[in-house]
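Q: Just dropping this structure here.
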Amino acid sequence: MASAVPRAAKRLRLTNTPGYVCTDCRRAFAASTQPRLQQQPPPQPPPSQHVGQTAKTTHFGFETVAEELKASKVRTVFSSVASSYDTMNDLMSLGIHRLWKDHFVRSLNPGIRPTPPPPRPPPPPPQSQRILDIAGGTGDIAFRLLDHATTTNRDPHTSVLISDINPQMLAEGRKRCLSTPYHATNRVSFLEANAEDLSAIESSSIDLYTVAFGIRNFTHKATALREAYRVLKPGGVFACLEFTPNLANPVLNALYKRWSFGAIPLIGQLVAGDRESYQYLVESIEKFPSQREFAAMVRETGFLVPGDAEGGGWEDLSMGIAAVHKGVKPV
Ligand SMILES: C[S@@+](CC[C@H](N)C(=O)[O-])C[C@H]1O[C@@H](n2cnc3c(N)ncnc32)[C@H](O)[C@@H]1O
């Protein structure tokens with residue numbers, strides 16, 4: 001296990017190229033629901049609404065809500081989309097999310113290739129990684145990580161803990177697990193938890209922390225990053241795959257915004273009967289920090305990130321629609 005640490009660090013290769021459908025709340029937000037249905041791209045965030053005089057507020061898509069309400073609203077969104085989540089991912093991204101995820105996993109190269117046993121002394125104990133997939137949802141990343149470890153690195157021991165705030169998403173993941181070779185092994189486990197409070201996980205116990213398309217939903221991203229830092233072993237790797245708010249090319253950016261704001265809520269309505277949740281999902285992308293800002297947050301948490309304070313430390317995918325961020329906890 002110990003030798004996994006420098007190996008994980010070594011593998012860090014970064015490039016510097018360049019609502020909700022809440023049955024409880026629906027009525028309370030009826031005023032904002034109607035204009036959302038008619039919204040045309042490119043989007044303009046509405047002016048902030050004040051939620052009480054003293055309450056701390058945050059964004060929920062383009063709405064401003066009290067901080068303590070955001071997690072439950074996000075939970076409601078994903079409860080609503082859980083059963084159609086995997087199908088919708090294929091439709092909304094035209095299948096491209098699979099390429100991004102495969103690339104993300106390949107770049108992390110999970111698992112430890114066994115060293116051939118020396119001729120006489122007893123063989124070394126099997127090495128493996130303990131991976132934590134945060135906001136793991138239906139396990140789309142987790143099963144890829146295990147497949148890679150098993151087939152590419154011939155490592156039958158590496159395990160993934162899939163953690164998510166939403167029990168319905170985890171239930172979909174459990175269902176999916178039944179049809180994988182990892183079912184009834186100790187290589188997959190599930191934990192319902194808020195990424196901002198991973199107190200169920202021991203400090204310095206994780207080799208690789210992954211979060212894909214999840215962190216933009218967190219209320220306090222810096223708190224989640226601190227928890228990532230705490231649970232990782234020294235030398236452990238933080239890896240995040242997330243959408244970016246803007247593409248560098250303004251023409252492509254305008255086309256992309258037209259697609260995401262025009263088509264995605266519509267597909268959500270037609271396929272999943274849920275426009276509001278998918279409207280939130282595209283709005284939440286707009287609110288996520290730029291690659292530069294997020295890389296700075298990762299660095300400020302204490303992770304070692306290639307590049308310098310002026311930039312670097314991420315890899316753009318598909319002209320910057322999504323980006324991979326990585327950081328290493330110092331040894
Ligand atoms: C878009 S899905 C991504 C699922 C999976 N990682 C993938 O790439 O397919 C986002 C996930 O983040 C989870 N999530 C949102 N807020 C969270 C939080 N504060 N803590 C943990 N999980 C959270 C949601 O429940 C949902 O399952």
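Just remember, in the structure tokens the first chain shown is A, the second B, etc., residues are 1-based per chain, and ligands are 1-based in the order shown.
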Enumerate as a PyMOL selection string the residues within 6 Å of ligand 1, counting only C-alpha atoms and all ligand atoms.
A: chain A and resi 71+74-75+78+135-137+140-141+164-166+169+193-195+212-214+217-218
Q: Using only C-alpha atoms, which protein or nucleic acid residues come within 12 Å of A:Ala272? Drop anything in the same chain fewer than 2 positions from it, and give the result as a PyMOL selection string.
A: chain A and resi 21+80-89+91-92+264-270+274-278
Q: Could you write out the selected residues, including N, CA and C atoms, as a short mmCIF file (atom, residue, chain, number, x, y, z; two decimals), in the first residue's frame?
A:
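The result, stored in result31.cif:
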```
data_model
loop_
_atom_site.label_atom_id
_atom_site.label_comp_id
_atom_site.auth_asym_id
_atom_site.auth_seq_id
_atom_site.Cartn_x
_atom_site.Cartn_y
_atom_site.Cartn_z
N VAL A 21 -37.43 19.66 -9.06
CA VAL A 21 -38.86 19.35 -9.01
C VAL A 21 -39.13 18.97 -7.58
N SER A 80 -34.95 13.17 -8.28
CA SER A 80 -35.86 13.20 -9.41
C SER A 80 -35.23 12.60 -10.67
N VAL A 81 -33.93 12.84 -10.85
CA VAL A 81 -33.32 12.38 -12.11
C VAL A 81 -32.68 10.98 -12.00
N ALA A 82 -32.62 10.43 -10.77
CA ALA A 82 -31.82 9.20 -10.56
C ALA A 82 -32.14 8.09 -11.55
N SER A 83 -33.43 7.78 -11.75
CA SER A 83 -33.76 6.60 -12.55
C SER A 83 -33.45 6.82 -14.04
N SER A 84 -33.45 8.07 -14.49
CA SER A 84 -33.18 8.32 -15.91
C SER A 84 -31.78 8.87 -16.14
N TYR A 85 -30.99 8.95 -15.04
CA TYR A 85 -29.72 9.67 -15.10
C TYR A 85 -28.78 9.15 -16.19
N ASP A 86 -28.57 7.82 -16.24
CA ASP A 86 -27.58 7.29 -17.18
C ASP A 86 -28.04 7.48 -18.63
N THR A 87 -29.32 7.25 -18.90
CA THR A 87 -29.84 7.45 -20.25
C THR A 87 -29.73 8.92 -20.66
N MET A 88 -30.10 9.80 -19.73
CA MET A 88 -30.07 11.22 -20.03
C MET A 88 -28.64 11.70 -20.29
N ASN A 89 -27.69 11.16 -19.55
CA ASN A 89 -26.29 11.54 -19.77
C ASN A 89 -25.88 11.27 -21.21
N LEU A 91 -27.89 11.00 -23.84
CA LEU A 91 -28.63 11.87 -24.76
C LEU A 91 -28.10 13.30 -24.74
N MET A 92 -27.87 13.81 -23.53
CA MET A 92 -27.49 15.22 -23.41
C MET A 92 -26.10 15.48 -23.97
N ILE A 264 -31.01 20.85 -23.57
CA ILE A 264 -30.94 19.92 -22.43
C ILE A 264 -32.22 19.94 -21.58
N PRO A 265 -32.74 21.13 -21.20
CA PRO A 265 -34.00 21.09 -20.45
C PRO A 265 -35.13 20.47 -21.27
N LEU A 266 -35.09 20.68 -22.59
CA LEU A 266 -36.14 20.12 -23.45
C LEU A 266 -36.05 18.58 -23.47
N ILE A 267 -34.81 18.08 -23.62
CA ILE A 267 -34.63 16.61 -23.60
C ILE A 267 -35.08 16.07 -22.24
N GLY A 268 -34.74 16.82 -21.18
CA GLY A 268 -35.17 16.40 -19.84
C GLY A 268 -36.68 16.30 -19.75
N GLN A 269 -37.34 17.26 -20.37
CA GLN A 269 -38.81 17.28 -20.34
C GLN A 269 -39.37 16.10 -21.14
N LEU A 270 -38.80 15.90 -22.35
CA LEU A 270 -39.36 14.88 -23.24
C LEU A 270 -39.04 13.46 -22.77
N ASP A 274 -39.06 15.90 -16.83
CA ASP A 274 -38.54 16.73 -15.75
C ASP A 274 -37.66 17.84 -16.32
N ARG A 275 -38.30 18.93 -16.69
CA ARG A 275 -37.54 20.04 -17.28
C ARG A 275 -36.75 20.80 -16.23
N GLU A 276 -37.37 21.01 -15.09
CA GLU A 276 -36.78 21.87 -14.06
C GLU A 276 -35.43 21.36 -13.57
N SER A 277 -35.34 20.04 -13.36
CA SER A 277 -34.07 19.49 -12.84
C SER A 277 -32.95 19.72 -13.84
N TYR A 278 -33.26 19.54 -15.12
CA TYR A 278 -32.21 19.69 -16.14
C TYR A 278 -31.90 21.16 -16.38
#
```
Q: Taking 3 positions as the minimum chain separation for residues in the same chain, which residues sit within 7 Å of A:Asp207 when counting only C-alpha atoms? Answer as a PDB file with N, CA and C atoms, in the first residue's frame.
A:
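around.pdb, written as the output of this step:
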```
ATOM      1  N   VAL A   5       1.769   5.223  -2.965  1.00  0.00           N
ATOM      2  CA  VAL A   5       1.683   6.664  -2.796  1.00  0.00           C
ATOM      3  C   VAL A   5       2.565   7.423  -3.772  1.00  0.00           C
ATOM      4  N   GLN A 129      -5.110  -0.165  -4.156  1.00  0.00           N
ATOM      5  CA  GLN A 129      -5.455   1.215  -3.805  1.00  0.00           C
ATOM      6  C   GLN A 129      -6.844   1.239  -3.188  1.00  0.00           C
ATOM      7  N   ARG A 130      -7.029   2.204  -2.298  1.00  0.00           N
ATOM      8  CA  ARG A 130      -8.360   2.455  -1.764  1.00  0.00           C
ATOM      9  C   ARG A 130      -8.820   3.766  -2.401  1.00  0.00           C
ATOM     10  N   ILE A 131      -9.844   3.647  -3.229  1.00  0.00           N
ATOM     11  CA  ILE A 131     -10.308   4.821  -3.981  1.00  0.00           C
ATOM     12  C   ILE A 131     -11.641   5.284  -3.394  1.00  0.00           C
ATOM     13  N   LEU A 232      -7.245  11.967   2.232  1.00  0.00           N
ATOM     14  CA  LEU A 232      -6.190  11.404   1.377  1.00  0.00           C
ATOM     15  C   LEU A 232      -4.918  11.127   2.184  1.00  0.00           C
ATOM     16  N   LYS A 233      -4.229  10.051   1.802  1.00  0.00           N
ATOM     17  CA  LYS A 233      -2.909   9.781   2.379  1.00  0.00           C
ATOM     18  C   LYS A 233      -1.924  10.818   1.834  1.00  0.00           C
ATOM     19  N   GLY A 236      -1.387  11.011  -1.844  1.00  0.00           N
ATOM     20  CA  GLY A 236      -2.645  10.643  -2.507  1.00  0.00           C
ATOM     21  C   GLY A 236      -3.071  11.712  -3.497  1.00  0.00           C
ATOM     22  N   VAL A 237      -3.906  11.297  -4.436  1.00  0.00           N
ATOM     23  CA  VAL A 237      -4.268  12.185  -5.559  1.00  0.00           C
ATOM     24  C   VAL A 237      -5.730  12.599  -5.488  1.00  0.00           C
TER      25      VAL A 237
END
```
Q: Where in stretch 122-311 of chain A does DSSP assign helix (DSSP H, G or I), given as a PyMOL selection string?
A: chain A and resi 140-152+167-177+215-217+221-231+250-272+275-286+291-301
Q: Go ahead and write the selection's residues with C-alpha atoms as a JSON list (two decimals), in the first residue's frame.
A:
```json
[["chain", "number", "residue", "atom", "x", "y", "z"],
["A", 140, "ASP", "CA", -20.33, 5.46, -13.68],
["A", 141, "ILE", "CA", -16.80, 6.47, -12.66],
["A", 142, "ALA", "CA", -16.33, 3.84, -9.95],
["A", 143, "PHE", "CA", -16.95, 0.86, -12.23],
["A", 144, "ARG", "CA", -14.64, 2.33, -14.85],
["A", 145, "LEU", "CA", -11.91, 2.73, -12.20],
["A", 146, "LEU", "CA", -12.31, -0.90, -11.17],
["A", 147, "ASP", "CA", -12.38, -2.14, -14.77],
["A", 148, "HIS", "CA", -9.16, -0.28, -15.48],
["A", 149, "ALA", "CA", -7.43, -1.56, -12.33],
["A", 150, "THR", "CA", -8.52, -5.12, -13.10],
["A", 151, "THR", "CA", -7.93, -5.37, -16.81],
["A", 152, "THR", "CA", -5.13, -2.89, -17.49],
["A", 167, "PRO", "CA", -29.81, 7.62, -1.49],
["A", 168, "GLN", "CA", -31.74, 7.23, -4.75],
["A", 169, "MET", "CA", -28.60, 7.74, -6.84],
["A", 170, "LEU", "CA", -26.77, 5.22, -4.64],
["A", 171, "ALA", "CA", -29.68, 2.80, -5.04],
["A", 172, "GLU", "CA", -29.23, 3.03, -8.83],
["A", 173, "GLY", "CA", -25.51, 2.36, -8.31],
["A", 174, "ARG", "CA", -26.24, -0.69, -6.15],
["A", 175, "LYS", "CA", -28.64, -2.00, -8.79],
["A", 176, "ARG", "CA", -26.02, -1.50, -11.47],
["A", 177, "CYS", "CA", -23.37, -3.21, -9.35],
["A", 215, "ILE", "CA", -18.52, 19.37, -7.08],
["A", 216, "ARG", "CA", -20.45, 22.14, -8.81],
["A", 217, "ASN", "CA", -23.47, 21.05, -6.76],
["A", 221, "LYS", "CA", -16.69, 23.70, -2.30],
["A", 222, "ALA", "CA", -13.72, 24.81, -0.17],
["A", 223, "THR", "CA", -15.02, 22.70, 2.73],
["A", 224, "ALA", "CA", -15.33, 19.67, 0.44],
["A", 225, "LEU", "CA", -11.77, 20.25, -0.80],
["A", 226, "ARG", "CA", -10.52, 20.37, 2.80],
["A", 227, "GLU", "CA", -12.27, 17.07, 3.49],
["A", 228, "ALA", "CA", -10.66, 15.59, 0.37],
["A", 229, "TYR", "CA", -7.28, 16.73, 1.67],
["A", 230, "ARG", "CA", -7.95, 15.26, 5.12],
["A", 231, "VAL", "CA", -9.00, 11.79, 3.95],
["A", 250, "PRO", "CA", -16.52, 32.88, -28.13],
["A", 251, "VAL", "CA", -18.29, 31.51, -31.22],
["A", 252, "LEU", "CA", -18.20, 27.93, -29.97],
["A", 253, "ASN", "CA", -19.19, 29.20, -26.55],
["A", 254, "ALA", "CA", -22.32, 30.85, -27.95],
["A", 255, "LEU", "CA", -23.24, 27.69, -29.89],
["A", 256, "TYR", "CA", -22.62, 25.52, -26.87],
["A", 257, "LYS", "CA", -24.77, 27.74, -24.63],
["A", 258, "ARG", "CA", -27.53, 27.61, -27.21],
["A", 259, "TRP", "CA", -27.37, 23.79, -27.14],
["A", 260, "SER", "CA", -27.17, 23.44, -23.39],
["A", 261, "PHE", "CA", -29.87, 25.96, -22.47],
["A", 262, "GLY", "CA", -32.09, 25.15, -25.43],
["A", 263, "ALA", "CA", -31.82, 21.40, -25.80],
["A", 264, "ILE", "CA", -30.94, 19.92, -22.43],
["A", 265, "PRO", "CA", -34.00, 21.09, -20.45],
["A", 266, "LEU", "CA", -36.14, 20.12, -23.45],
["A", 267, "ILE", "CA", -34.63, 16.61, -23.60],
["A", 268, "GLY", "CA", -35.17, 16.40, -19.84],
["A", 269, "GLN", "CA", -38.81, 17.28, -20.34],
["A", 270, "LEU", "CA", -39.36, 14.88, -23.24],
["A", 271, "VAL", "CA", -37.39, 11.90, -21.97],
["A", 272, "ALA", "CA", -37.55, 12.16, -18.20],
["A", 275, "ARG", "CA", -37.54, 20.04, -17.28],
["A", 276, "GLU", "CA", -36.78, 21.87, -14.06],
["A", 277, "SER", "CA", -34.07, 19.49, -12.84],
["A", 278, "TYR", "CA", -32.21, 19.69, -16.14],
["A", 279, "GLN", "CA", -32.62, 23.46, -16.20],
["A", 280, "TYR", "CA", -30.90, 23.49, -12.81],
["A", 281, "LEU", "CA", -28.11, 21.24, -14.09],
["A", 282, "VAL", "CA", -27.21, 23.62, -16.92],
["A", 283, "GLU", "CA", -27.55, 26.69, -14.72],
["A", 284, "SER", "CA", -25.24, 25.14, -12.13],
["A", 285, "ILE", "CA", -22.52, 24.84, -14.80],
["A", 286, "GLU", "CA", -22.70, 28.61, -15.34],
["A", 291, "GLN", "CA", -10.60, 26.46, -14.65],
["A", 292, "ARG", "CA", -8.14, 29.07, -13.38],
["A", 293, "GLU", "CA", -10.26, 29.91, -10.32],
["A", 294, "PHE", "CA", -10.88, 26.27, -9.45],
["A", 295, "ALA", "CA", -7.20, 25.34, -9.86],
["A", 296, "ALA", "CA", -6.42, 28.17, -7.41],
["A", 297, "MET", "CA", -8.93, 26.73, -4.93],
["A", 298, "VAL", "CA", -7.31, 23.28, -5.19],
["A", 299, "ARG", "CA", -3.90, 24.86, -4.67],
["A", 300, "GLU", "CA", -5.12, 26.97, -1.72],
["A", 301, "THR", "CA", -6.39, 23.80, -0.02]]
```
Q: What parts of stretch 99-271 of chain A does DSSP call strand (DSSP E)? I'd like the answer as a VMD selection string.
A: chain A and resid 130 to 134 159 to 164 188 to 192 206 to 212 232 to 243
Q: Would you compute the distance between atom CA of A:Thr158 and atom CA of A:His183? Give it in Å to one decimal.
A: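 Computing the Euclidean distance for atom CA of A:Thr158 and atom CA of A:His183 yields 14.1 Å.
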Q: Have a look at A:Cys240, A:Ala248, A:Leu198, A:Ile96 and name the one nearest to A:Gly327; count only C-alpha atoms.
A: A:Cys240
Q: Would you mind telling me which residue in A:Lys56, A:Leu94, A:Ile162, A:His325 lies nearest to A:Glu192 when using only C-alpha atoms?
A: A:Ile162
Q: Quick check, in Å to one decimal: how far apart do atom CA of A:Leu247 and atom CA of A:Ser318 lie?
A: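 Going from atom CA of A:Leu247 over to atom CA of A:Ser318, I get 9.5 Å.
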